[in-house]
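As provided, run_23.pdb (PDB, C-alpha atoms) reads as follows.
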ATOM      1  CA  MET A   1       0.000   0.000   0.000
ATOM      2  CA  LYS A   2       1.316   3.412  -0.962
ATOM      3  CA  PHE A   3       0.755   6.453   1.248
ATOM      4  CA  ALA A   4       1.090  10.094   0.187
ATOM      5  CA  VAL A   5       2.236  12.395   2.985
ATOM      6  CA  ILE A   6       1.245  15.893   1.882
ATOM      7  CA  VAL A   7       3.755  18.600   2.745
ATOM      8  CA  PHE A   8       2.700  22.255   2.889
ATOM      9  CA  PRO A   9       5.002  25.137   3.749
ATOM     10  CA  GLY A  10       4.771  25.035   7.539
ATOM     11  CA  SER A  11       3.832  21.367   7.979
ATOM     12  CA  ASN A  12       5.795  19.927  10.889
ATOM     13  CA  CYS A  13       4.369  16.468  11.555
ATOM     14  CA  ASP A  14       5.107  15.154   8.070
ATOM     15  CA  ILE A  15       8.164  13.205   9.206
ATOM     16  CA  ASP A  16       6.161  11.518  11.979
ATOM     17  CA  MET A  17       3.444  10.566   9.473
ATOM     18  CA  TYR A  18       6.040   9.193   7.087
ATOM     19  CA  HIS A  19       7.680   7.249   9.917
ATOM     20  CA  ALA A  20       4.340   5.728  10.933
ATOM     21  CA  ALA A  21       3.543   4.541   7.409
ATOM     22  CA  LYS A  22       7.015   3.582   6.243
ATOM     23  CA  ASP A  23       8.829   2.308   9.319
ATOM     24  CA  GLU A  24       6.073   1.166  11.649
ATOM     25  CA  LEU A  25       3.690  -0.280   9.051
ATOM     26  CA  GLY A  26       6.401  -1.239   6.595
ATOM     27  CA  GLU A  27       4.344   0.160   3.723
ATOM     28  CA  GLN A  28       5.389   2.499   0.932
ATOM     29  CA  ALA A  29       5.262   6.203   1.692
ATOM     30  CA  GLU A  30       6.323   9.342  -0.125
ATOM     31  CA  TYR A  31       6.384  13.025   0.701
ATOM     32  CA  VAL A  32       4.188  14.946  -1.721
ATOM     33  CA  TRP A  33       4.722  18.696  -2.107
ATOM     34  CA  HIS A  34       1.648  20.959  -2.019
ATOM     35  CA  ASP A  35       1.886  21.989  -5.682
ATOM     36  CA  THR A  36       1.747  18.399  -6.961
ATOM     37  CA  GLU A  37      -0.930  17.925  -9.570
ATOM     38  CA  SER A  38      -1.752  14.242  -9.264
ATOM     39  CA  LEU A  39      -2.251  11.721  -6.484
ATOM     40  CA  GLU A  40      -3.288   8.911  -8.805
ATOM     41  CA  ASP A  41      -0.299   6.775  -7.842
ATOM     42  CA  TYR A  42      -1.259   6.672  -4.184
ATOM     43  CA  ASP A  43      -3.688   4.478  -2.278
ATOM     44  CA  ALA A  44      -4.155   6.751   0.731
ATOM     45  CA  VAL A  45      -3.545  10.377   1.664
ATOM     46  CA  LEU A  46      -2.131  11.638   4.982
ATOM     47  CA  LEU A  47      -2.475  15.345   5.802
ATOM     48  CA  PRO A  48      -0.049  16.073   8.634
ATOM     49  CA  GLY A  49      -0.156  18.600  11.442
ATOM     50  CA  GLY A  50       1.748  21.834  11.647
ATOM     51  CA  PHE A  51       1.087  25.430  10.719
ATOM     52  CA  SER A  52       0.537  25.415   6.965
ATOM     53  CA  TYR A  53       1.103  28.901   5.548
ATOM     54  CA  GLY A  54       1.776  30.145   9.064
ATOM     55  CA  ASP A  55      -1.898  29.696   9.994
ATOM     56  CA  TYR A  56      -2.442  33.061   8.282
ATOM     57  CA  LEU A  57      -6.055  34.249   8.217
ATOM     58  CA  ARG A  58      -7.322  30.983   9.791
ATOM     59  CA  SER A  59      -5.757  27.557  10.342
ATOM     60  CA  GLY A  60      -5.954  25.693   7.047
ATOM     61  CA  ALA A  61      -7.580  28.597   5.195
ATOM     62  CA  ILE A  62      -4.792  29.153   2.683
ATOM     63  CA  ALA A  63      -3.832  25.492   2.276
ATOM     64  CA  GLN A  64      -7.307  24.616   0.995
ATOM     65  CA  PHE A  65      -6.518  26.431  -2.276
ATOM     66  CA  SER A  66      -3.202  24.686  -2.999
ATOM     67  CA  ASN A  67      -2.965  22.533  -6.120
ATOM     68  CA  VAL A  68      -2.722  19.289  -4.221
ATOM     69  CA  MET A  69      -6.013  19.882  -2.412
ATOM     70  CA  LYS A  70      -7.928  19.522  -5.691
ATOM     71  CA  GLU A  71      -6.302  16.095  -5.915
ATOM     72  CA  VAL A  72      -7.119  15.304  -2.291
ATOM     73  CA  VAL A  73     -10.776  16.045  -3.115
ATOM     74  CA  LYS A  74     -10.535  13.669  -6.084
ATOM     75  CA  ALA A  75      -8.931  10.973  -3.932
ATOM     76  CA  ALA A  76     -11.728  11.383  -1.387
ATOM     77  CA  GLU A  77     -14.339  11.130  -4.129
ATOM     78  CA  ALA A  78     -12.631   7.975  -5.392
ATOM     79  CA  GLY A  79     -13.095   6.444  -1.949
ATOM     80  CA  LYS A  80      -9.423   6.410  -0.986
ATOM     81  CA  PRO A  81      -8.637   6.767   2.729
ATOM     82  CA  VAL A  82      -7.840  10.383   3.621
ATOM     83  CA  LEU A  83      -6.574  11.093   7.144
ATOM     84  CA  GLY A  84      -6.097  14.653   8.382
ATOM     85  CA  VAL A  85      -4.473  15.159  11.772
ATOM     86  CA  CYS A  86      -4.473  18.453  13.659
ATOM     87  CA  ASN A  87      -3.707  21.080  11.000
ATOM     88  CA  GLY A  88      -4.649  18.363   8.494
ATOM     89  CA  PHE A  89      -8.093  18.203  10.135
ATOM     90  CA  GLN A  90      -8.354  22.001  10.005
ATOM     91  CA  ILE A  91      -7.535  21.905   6.280
ATOM     92  CA  LEU A  92     -10.197  19.227   5.651
ATOM     93  CA  LEU A  93     -12.754  21.468   7.389
ATOM     94  CA  GLU A  94     -11.734  24.553   5.414
ATOM     95  CA  ALA A  95     -11.817  22.557   2.177
ATOM     96  CA  GLY A  96     -15.328  21.389   2.976
ATOM     97  CA  LEU A  97     -14.403  17.691   2.956
ATOM     98  CA  LEU A  98     -15.644  17.556   6.535
ATOM     99  CA  PRO A  99     -18.373  19.718   8.125
ATOM    100  CA  GLY A 100     -17.835  22.305  10.871
ATOM    101  CA  ALA A 101     -15.044  24.656  11.894
ATOM    102  CA  MET A 102     -12.402  25.183  14.586
ATOM    103  CA  ARG A 103     -12.365  27.891  17.219
ATOM    104  CA  ARG A 104      -9.541  28.873  19.557
ATOM    105  CA  ASN A 105      -9.230  26.559  22.540
ATOM    106  CA  GLU A 106     -11.561  27.601  25.322
ATOM    107  CA  SER A 107      -8.550  28.222  27.596
ATOM    108  CA  LEU A 108      -6.874  30.286  24.836
ATOM    109  CA  LYS A 109      -3.765  28.219  25.515
ATOM    110  CA  PHE A 110      -1.811  25.959  23.216
ATOM    111  CA  ILE A 111      -2.179  22.492  24.724
ATOM    112  CA  CYS A 112       0.466  19.819  24.278
ATOM    113  CA  ARG A 113      -0.035  16.656  26.325
ATOM    114  CA  GLN A 114      -1.427  13.139  26.388
ATOM    115  CA  VAL A 115      -5.220  12.858  26.389
ATOM    116  CA  GLU A 116      -7.616   9.956  26.667
ATOM    117  CA  LEU A 117      -9.887   9.276  23.746
ATOM    118  CA  LYS A 118     -12.954   7.116  23.565
ATOM    119  CA  VAL A 119     -13.548   5.119  20.406
ATOM    120  CA  GLU A 120     -17.186   5.986  19.615
ATOM    121  CA  ASN A 121     -17.370   4.124  16.325
ATOM    122  CA  ASN A 122     -15.140   1.171  15.508
ATOM    123  CA  GLU A 123     -16.957   0.244  12.309
ATOM    124  CA  THR A 124     -14.737   2.433  10.146
ATOM    125  CA  MET A 125     -11.656   1.813   8.020
ATOM    126  CA  PHE A 126      -9.692   3.904  10.523
ATOM    127  CA  SER A 127     -10.863   2.451  13.812
ATOM    128  CA  ALA A 128     -11.700  -1.194  13.106
ATOM    129  CA  GLY A 129      -8.673  -2.284  15.137
ATOM    130  CA  TYR A 130     -10.119  -0.834  18.327
ATOM    131  CA  GLU A 131     -12.968  -2.017  20.509
ATOM    132  CA  LYS A 132     -16.102   0.125  20.606
ATOM    133  CA  GLY A 133     -15.904   2.246  23.762
ATOM    134  CA  GLU A 134     -12.189   1.502  24.189
ATOM    135  CA  VAL A 135     -10.244   4.312  25.861
ATOM    136  CA  ILE A 136      -6.886   5.033  24.250
ATOM    137  CA  THR A 137      -4.117   7.507  25.014
ATOM    138  CA  ILE A 138      -2.947   9.811  22.213
ATOM    139  CA  PRO A 139      -1.177  13.192  22.463
ATOM    140  CA  VAL A 140      -2.730  16.499  21.407
ATOM    141  CA  ALA A 141      -0.798  19.623  20.425
ATOM    142  CA  HIS A 142      -2.936  22.525  19.261
ATOM    143  CA  GLY A 143      -4.208  26.011  19.965
ATOM    144  CA  GLU A 144      -7.309  25.750  17.784
ATOM    145  CA  GLY A 145      -9.017  22.435  18.315
ATOM    146  CA  ASN A 146     -12.303  23.649  19.693
ATOM    147  CA  TYR A 147     -14.611  21.939  17.204
ATOM    148  CA  TYR A 148     -17.886  23.630  16.337
ATOM    149  CA  CYS A 149     -20.797  22.920  14.036
ATOM    150  CA  ASP A 150     -24.451  23.972  13.997
ATOM    151  CA  ASP A 151     -27.233  21.863  15.507
ATOM    152  CA  ALA A 152     -28.400  20.420  12.192
ATOM    153  CA  THR A 153     -24.859  19.287  11.324
ATOM    154  CA  LEU A 154     -24.366  17.776  14.782
ATOM    155  CA  ALA A 155     -27.613  15.844  14.429
ATOM    156  CA  ARG A 156     -26.420  14.472  11.072
ATOM    157  CA  LEU A 157     -23.005  13.528  12.512
ATOM    158  CA  LYS A 158     -24.723  11.559  15.262
ATOM    159  CA  GLU A 159     -27.301   9.965  13.006
ATOM    160  CA  ASN A 160     -24.635   8.641  10.613
ATOM    161  CA  ASN A 161     -22.193   7.643  13.379
ATOM    162  CA  GLN A 162     -19.627  10.074  11.970
ATOM    163  CA  ILE A 163     -18.199  10.923  15.387
ATOM    164  CA  VAL A 164     -15.295   8.474  15.615
ATOM    165  CA  PHE A 165     -13.346   9.751  18.643
ATOM    166  CA  THR A 166     -14.375  11.860  21.650
ATOM    167  CA  TYR A 167     -12.296  13.099  24.567
ATOM    168  CA  SER A 168     -12.751  10.793  27.526
ATOM    169  CA  GLY A 169     -12.802  12.507  30.894
ATOM    170  CA  GLU A 170     -11.491  16.025  30.588
ATOM    171  CA  ASN A 171     -12.110  17.879  27.329
ATOM    172  CA  PRO A 172      -8.858  19.788  26.622
ATOM    173  CA  ASN A 173     -10.212  22.422  24.243
ATOM    174  CA  GLY A 174     -13.952  22.913  24.814
ATOM    175  CA  SER A 175     -15.037  21.161  21.611
ATOM    176  CA  LEU A 176     -18.722  20.569  21.003
ATOM    177  CA  GLU A 177     -19.881  17.255  22.506
ATOM    178  CA  ASP A 178     -16.238  16.453  23.366
ATOM    179  CA  ILE A 179     -15.590  15.764  19.685
ATOM    180  CA  ALA A 180     -11.971  14.813  18.902
ATOM    181  CA  GLY A 181     -12.384  13.238  15.456
ATOM    182  CA  ILE A 182     -15.090  12.975  12.796
ATOM    183  CA  MET A 183     -15.401  11.336   9.404
ATOM    184  CA  ASN A 184     -17.407  12.095   6.282
ATOM    185  CA  GLU A 185     -20.660  10.328   5.522
ATOM    186  CA  ARG A 186     -19.009   7.862   3.188
ATOM    187  CA  GLY A 187     -16.510   6.951   5.897
ATOM    188  CA  ASN A 188     -13.253   7.389   3.972
ATOM    189  CA  VAL A 189     -12.206  10.836   5.224
ATOM    190  CA  LEU A 190     -11.239  11.173   8.888
ATOM    191  CA  GLY A 191     -10.143  14.358  10.631
ATOM    192  CA  MET A 192      -8.890  14.350  14.213
ATOM    193  CA  MET A 193      -7.064  16.781  16.484
ATOM    194  CA  PRO A 194      -5.027  14.186  18.475
ATOM    195  CA  HIS A 195      -1.866  12.844  16.857
ATOM    196  CA  PRO A 196      -1.950   9.057  16.312
ATOM    197  CA  GLU A 197       1.361   9.317  14.412
ATOM    198  CA  ARG A 198       3.026  10.449  17.639
ATOM    199  CA  ALA A 199       1.861   7.295  19.408
ATOM    200  CA  VAL A 200       3.121   4.455  17.235
ATOM    201  CA  ASP A 201       5.885   3.060  19.441
ATOM    202  CA  GLU A 202       6.322   2.562  23.192
ATOM    203  CA  LEU A 203       9.563   4.518  22.839
ATOM    204  CA  LEU A 204       7.436   7.572  22.028
ATOM    205  CA  GLY A 205       5.429   7.145  25.208
ATOM    206  CA  GLY A 206       2.681   4.989  23.772
ATOM    207  CA  ALA A 207       1.594   2.943  20.775
ATOM    208  CA  ASP A 208      -2.184   3.378  20.846
ATOM    209  CA  GLY A 209      -2.123   5.256  17.550
ATOM    210  CA  LEU A 210      -0.584   2.417  15.608
ATOM    211  CA  LYS A 211      -3.856   0.474  15.410
ATOM    212  CA  LEU A 212      -5.385   3.338  13.471
ATOM    213  CA  PHE A 213      -2.771   3.050  10.734
ATOM    214  CA  LYS A 214      -2.945  -0.730  10.811
ATOM    215  CA  SER A 215      -6.725  -0.552  10.395
ATOM    216  CA  ILE A 216      -6.306   1.467   7.185
ATOM    217  CA  VAL A 217      -3.883  -1.083   5.733
ATOM    218  CA  LYS A 218      -5.986  -4.081   6.760
ATOM    219  CA  GLN A 219      -9.121  -2.629   5.208
ATOM    220  CA  TRP A 220      -7.233  -1.751   2.022
ATOM    221  CA  ARG A 221      -5.741  -5.243   1.744
ATOM    222  CA  GLU A 222      -9.137  -6.867   2.192
ATOM    223  CA  ALA A 223     -10.753  -4.549  -0.360
ATOM    224  CA  ASN A 224      -8.003  -5.199  -2.890
ATOM    225  CA  ALA A 225      -7.576  -8.922  -2.275
ATOM    226  CA  VAL A 226     -10.560  -9.576  -4.546
ATOM    227  CA  ASN A 227      -8.671  -8.148  -7.491
ATOM    228  CA  ALA A 228      -5.330  -9.691  -6.625
TER     229      ALA A 228
ATOM    230  CA  MET B   1      -9.659  52.633  -7.356
ATOM    231  CA  TYR B   2     -11.649  51.183  -4.589
ATOM    232  CA  LYS B   3     -10.778  50.831  -0.967
ATOM    233  CA  VAL B   4     -12.677  47.981   0.656
ATOM    234  CA  LYS B   5     -12.863  47.565   4.427
ATOM    235  CA  VAL B   6     -13.789  44.055   5.487
ATOM    236  CA  TYR B   7     -14.809  43.206   9.051
ATOM    237  CA  VAL B   8     -14.952  39.562  10.133
ATOM    238  CA  THR B   9     -16.304  38.543  13.530
ATOM    239  CA  LEU B  10     -17.458  35.331  15.119
ATOM    240  CA  ARG B  11     -21.174  34.753  14.727
ATOM    241  CA  GLU B  12     -23.405  35.838  17.592
ATOM    242  CA  SER B  13     -24.290  32.205  18.291
ATOM    243  CA  VAL B  14     -20.632  31.183  18.591
ATOM    244  CA  LEU B  15     -18.885  31.666  21.923
ATOM    245  CA  ASP B  16     -15.853  33.940  21.535
ATOM    246  CA  PRO B  17     -13.210  32.791  24.066
ATOM    247  CA  GLN B  18     -10.889  35.732  23.282
ATOM    248  CA  GLY B  19     -13.698  38.252  23.633
ATOM    249  CA  THR B  20     -14.723  36.727  26.960
ATOM    250  CA  ALA B  21     -11.120  36.924  28.250
ATOM    251  CA  VAL B  22     -10.832  40.580  27.211
ATOM    252  CA  LYS B  23     -14.203  41.389  28.761
ATOM    253  CA  ASN B  24     -13.032  39.855  32.061
ATOM    254  CA  ALA B  25      -9.722  41.717  31.834
ATOM    255  CA  LEU B  26     -11.566  45.016  31.379
ATOM    256  CA  ALA B  27     -13.712  44.165  34.390
ATOM    257  CA  THR B  28     -10.607  43.611  36.515
ATOM    258  CA  HIS B  29      -9.509  47.113  35.487
ATOM    259  CA  ARG B  30     -12.773  48.258  37.047
ATOM    260  CA  TYR B  31     -14.517  49.298  33.858
ATOM    261  CA  GLU B  32     -18.187  48.868  34.521
ATOM    262  CA  GLY B  33     -21.177  48.188  32.325
ATOM    263  CA  ILE B  34     -19.424  46.094  29.687
ATOM    264  CA  GLN B  35     -22.076  43.862  28.207
ATOM    265  CA  ASP B  36     -19.962  42.004  25.708
ATOM    266  CA  VAL B  37     -16.663  42.053  23.794
ATOM    267  CA  ARG B  38     -16.329  40.422  20.392
ATOM    268  CA  ILE B  39     -12.919  40.089  18.747
ATOM    269  CA  GLY B  40     -12.657  40.096  15.006
ATOM    270  CA  LYS B  41     -10.445  40.836  12.043
ATOM    271  CA  TYR B  42     -10.175  43.939   9.968
ATOM    272  CA  MET B  43      -8.866  43.768   6.407
ATOM    273  CA  GLU B  44      -8.260  46.499   3.853
ATOM    274  CA  LEU B  45      -8.388  45.646   0.193
ATOM    275  CA  THR B  46      -7.374  48.017  -2.564
ATOM    276  CA  LEU B  47      -8.908  47.199  -5.933
ATOM    277  CA  ASP B  48      -8.256  48.904  -9.225
ATOM    278  CA  GLU B  49     -10.804  49.922 -11.855
ATOM    279  CA  SER B  50     -10.415  46.684 -13.777
ATOM    280  CA  VAL B  51     -12.519  44.926 -11.151
ATOM    281  CA  GLN B  52     -15.942  44.795 -12.680
ATOM    282  CA  ASP B  53     -18.703  44.180 -10.188
ATOM    283  CA  VAL B  54     -16.938  45.241  -6.987
ATOM    284  CA  ASP B  55     -19.786  44.396  -4.663
ATOM    285  CA  SER B  56     -20.341  40.845  -5.849
ATOM    286  CA  THR B  57     -16.597  40.240  -6.203
ATOM    287  CA  VAL B  58     -15.920  41.255  -2.592
ATOM    288  CA  LYS B  59     -18.883  39.217  -1.398
ATOM    289  CA  GLU B  60     -17.490  36.175  -3.226
ATOM    290  CA  MET B  61     -14.015  36.736  -1.730
ATOM    291  CA  CYS B  62     -15.543  36.897   1.750
ATOM    292  CA  GLU B  63     -17.557  33.723   1.225
ATOM    293  CA  ARG B  64     -14.692  31.765  -0.292
ATOM    294  CA  LEU B  65     -11.731  32.825   1.806
ATOM    295  CA  LEU B  66     -11.833  35.914   3.991
ATOM    296  CA  ALA B  67     -14.481  34.543   6.361
ATOM    297  CA  ASN B  68     -15.399  31.030   7.379
ATOM    298  CA  THR B  69     -19.167  31.330   7.297
ATOM    299  CA  VAL B  70     -19.608  28.266   9.511
ATOM    300  CA  ILE B  71     -18.523  30.359  12.496
ATOM    301  CA  GLU B  72     -17.964  33.873  11.196
ATOM    302  CA  ASP B  73     -20.027  36.802   9.941
ATOM    303  CA  TYR B  74     -18.616  39.474   7.674
ATOM    304  CA  ARG B  75     -19.529  42.918   6.484
ATOM    305  CA  TYR B  76     -17.711  45.353   4.250
ATOM    306  CA  GLU B  77     -17.669  48.943   3.092
ATOM    307  CA  VAL B  78     -16.626  49.986  -0.382
ATOM    308  CA  GLU B  79     -15.189  53.442  -0.921
ATOM    309  CA  GLU B  80     -14.205  54.869  -4.280
ATOM    310  CA  VAL B  81     -10.872  56.674  -4.094
ATOM    311  CA  VAL B  82      -8.848  58.643  -6.611
ATOM    312  CA  ALA B  83      -5.561  56.960  -7.521
ATOM    313  CA  GLN B  84      -2.509  58.835  -6.274
TER     314      GLN B  84
END

Have the structure of the file written as structure tokens, please.
Amino acid sequence: MKFAVIVFPGSNCDIDMYHAAKDELGEQAEYVWHDTESLEDYDAVLLPGGFSYGDYLRSGAIAQFSNVMKEVVKAAEAGKPVLGVCNGFQILLEAGLLPGAMRRNESLKFICRQVELKVENNETMFSAGYEKGEVITIPVAHGEGNYYCDDATLARLKENNQIVFTYSGENPNGSLEDIAGIMNERGNVLGMMPHPERAVDELLGGADGLKLFKSIVKQWREANAVNA
Amino acid sequence: MYKVKVYVTLRESVLDPQGTAVKNALATHRYEGIQDVRIGKYMELTLDESVQDVDSTVKEMCERLLANTVIEDYRYEVEEVVAQ
């Protein structure tokens, strides 16, 4: 399986994403610069965290208009797995691939620490490796992770089981309904504020994020075994 | 030429954590009677005469990029100025 790790000016979790896919999963991975005009060669897209374009105007606001984002939209429409973490999540929201928007953290502070997440939906290509209701530990590192959407959107997210992860116990940023990660209706685009790529090895302080990446590969292998 | 002033603020229905912090800070400085503080962004655009329909162009720019209409409201003022 071949992963594209999208790199914007200001991305800073791209190396961690690459490490997760290449070294921990043992799959193929390549860095893809933001002005690339095709993602056809890749099976999955990883949008890393960081501060693309310096977070100017709003987090993710400028990145949504880069060349590669047109291709990310195409990849999403083709049903390929698209994972956006932290700034990657913010970009997916700005690009309209996921509903809602981010506000400043309620505390107005940048928060960087381990948090507990509850797996709300494990019937997804990203979370199948977890138990439903399982509590996992993944680090967060953001100043704008306070998820917001209107009531109608929230009702739709709940109805379609699009809320994949919530904060368990203390909510670090004040997000609506403790939301930490949501997916699109089709289930192939996931955005989350916590960083699973920073929790792929006990050496890093935990490996609870690894199952997320493994779930993507497992689902892809099963889907493609038919044609093999 | 046109000078366009764009104001972007969080929607009334969206809690503004920065505004709340500033409101509390003003209260600690003993300013009384402050009902609410909303923090926003102010942008100045200078457009030349080649821009056809200024009003609809600015509106489109606000909708597409300058504001995130999920959480933000915007308003703008267009002023015609003589080029220096």

Spatial neighbours of Leu10 (chain B), max dist 9 Å, only C-alpha atoms, sep filter under 6 positions, as a VMD selection string: chain B and resid 16 38 to 40 69 71 to 74

Pull out every residue of chain B that has at least one atom within 7 Å of chain A, counting all atoms listed in the file, and report them as a ChimeraX atom specification. /B:17-18,65,70-71

Which residues, written as a list in words, have at least one atom at most 6 Å from Glu27 (chain A), with all atoms listed in the file counted and residues fewer than 5 positions away on the same chain left out? Met1, Ala21 and Lys22 of chain A

Nearest to Ser38 (chain A), chosen from A:Ile136, A:Val5, A:Val72, A:Ala180, with all atoms listed in the file counted in the distances: A:Val72

Could you write out as a VMD selection string the residues that the PyMOL selection byres ((chain A and resi 183) around 7) matches in the shown file? chain A and resid 98 162 to 164 182 184 to 185 187 189 to 191

Spatial neighbours of Arg75 (chain B), max dist 8 Å, all atoms listed in the file, sep filter under 5 positions, as a count of residues only: 3

Rank B:Tyr76, B:Ala67, B:Val14, B:Lys23 by their smallest atom-to-atom distance to Leu45 (chain B), using all atoms listed in the file, and report the top residue only. B:Tyr76

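Near Pro48 (chain A), within 8 Å and counting all atoms listed in the file, sit Val5, Ile6, Val7, Ser11, Asn12, Cys13, Asp14, Met17, Gly84, Val85, Cys86, Asn87 and Gly88 of chain A; same-chain residues fewer than 6 positions away were not included.
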
With C-alpha atoms retained, export the selected residues as a short mmCIF file (atom, residue, chain, number, x, y, z; two decimals), in the frame of the given file.
data_model
loop_
_atom_site.label_atom_id
_atom_site.label_comp_id
_atom_site.auth_asym_id
_atom_site.auth_seq_id
_atom_site.Cartn_x
_atom_site.Cartn_y
_atom_site.Cartn_z
CA VAL A 5 2.24 12.40 2.98
CA ILE A 6 1.25 15.89 1.88
CA VAL A 7 3.76 18.60 2.74
CA SER A 11 3.83 21.37 7.98
CA ASN A 12 5.80 19.93 10.89
CA CYS A 13 4.37 16.47 11.56
CA ASP A 14 5.11 15.15 8.07
CA MET A 17 3.44 10.57 9.47
CA GLY A 84 -6.10 14.65 8.38
CA VAL A 85 -4.47 15.16 11.77
CA CYS A 86 -4.47 18.45 13.66
CA ASN A 87 -3.71 21.08 11.00
CA GLY A 88 -4.65 18.36 8.49
#

To one decimal place in Å, what is the distance between CA of Gly49 (chain A) and CA of Gly10 (chain A)?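 Going from CA of Gly49 (chain A) over to CA of Gly10 (chain A) covers 9.0 Å.
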
List the residues matched by the PyMOL selection byres ((chain B and resi 4) around 9) in the displayed structure as a list in words, ordered by chain and then by residue number. Tyr2, Lys3, Lys5, Val6, Met43, Glu44, Leu45, Thr46, Leu47, Val58, Tyr76, Glu77, Val78, Glu79 and Glu80 of chain B

Could you check how far CA of Lys118 (chain A) sits from CA of Thr166 (chain A), in Å to one decimal?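 Between CA of Lys118 (chain A) and CA of Thr166 (chain A) the gap is 5.3 Å.
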
If you take every atom of region 194-200 of chain A that the file lists and fit an axis-aligned box around them with 8 Å extra on each side, what centre and edge lengths come out in Å to one decimal, as JSON?
{"center_x": -1.0, "center_y": 9.3, "center_z": 16.9, "size_x": 24.1, "size_y": 25.7, "size_z": 21.0}

Applied to the shown file, which residues does the PyMOL selection byres ((chain A and resi 212) around 9) return, written as a ChimeraX atom specification? /A:125-130,196,208-211,213-216

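Between CA of Glu144 (chain A) and CA of Ile111 (chain A) lies a distance of 9.2 Å.
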
So, counting only C-alpha atoms, which residue among A:Glu37, A:Asp55, A:Asp16, A:Glu134 is closest to Ser168 (chain A)?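 Between A:Glu37, A:Asp55, A:Asp16, A:Glu134, the residue approaching Ser168 (chain A) most closely is A:Glu134.
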
Please return region 49-60 of chain B, rebuilt to N, CA and C atoms, as a short mmCIF file (atom, residue, chain, number, x, y, z; two decimals), in the coordinates of the input.
data_model
loop_
_atom_site.label_atom_id
_atom_site.label_comp_id
_atom_site.auth_asym_id
_atom_site.auth_seq_id
_atom_site.Cartn_x
_atom_site.Cartn_y
_atom_site.Cartn_z
N GLU B 49 -9.57 49.74 -11.07
CA GLU B 49 -10.80 49.92 -11.86
C GLU B 49 -11.15 48.70 -12.70
N SER B 50 -10.15 47.84 -12.92
CA SER B 50 -10.42 46.68 -13.78
C SER B 50 -11.39 45.70 -13.13
N VAL B 51 -11.57 45.82 -11.82
CA VAL B 51 -12.52 44.93 -11.15
C VAL B 51 -13.92 45.34 -11.54
N GLN B 52 -14.62 44.45 -12.16
CA GLN B 52 -15.94 44.80 -12.68
C GLN B 52 -16.95 45.01 -11.56
N ASP B 53 -17.65 44.02 -11.18
CA ASP B 53 -18.70 44.18 -10.19
C ASP B 53 -18.10 44.09 -8.79
N VAL B 54 -17.68 45.23 -8.26
CA VAL B 54 -16.94 45.24 -6.99
C VAL B 54 -17.72 44.56 -5.87
N ASP B 55 -18.99 44.91 -5.77
CA ASP B 55 -19.79 44.40 -4.66
C ASP B 55 -19.85 42.87 -4.68
N SER B 56 -20.20 42.31 -5.82
CA SER B 56 -20.34 40.84 -5.85
C SER B 56 -18.98 40.15 -5.78
N THR B 57 -17.94 40.83 -6.29
CA THR B 57 -16.60 40.24 -6.20
C THR B 57 -16.14 40.15 -4.74
N VAL B 58 -16.33 41.25 -4.00
CA VAL B 58 -15.92 41.26 -2.59
C VAL B 58 -16.74 40.24 -1.80
N LYS B 59 -18.01 40.17 -2.09
CA LYS B 59 -18.88 39.22 -1.40
C LYS B 59 -18.36 37.79 -1.63
N GLU B 60 -18.00 37.51 -2.88
CA GLU B 60 -17.49 36.17 -3.23
C GLU B 60 -16.18 35.89 -2.50
#
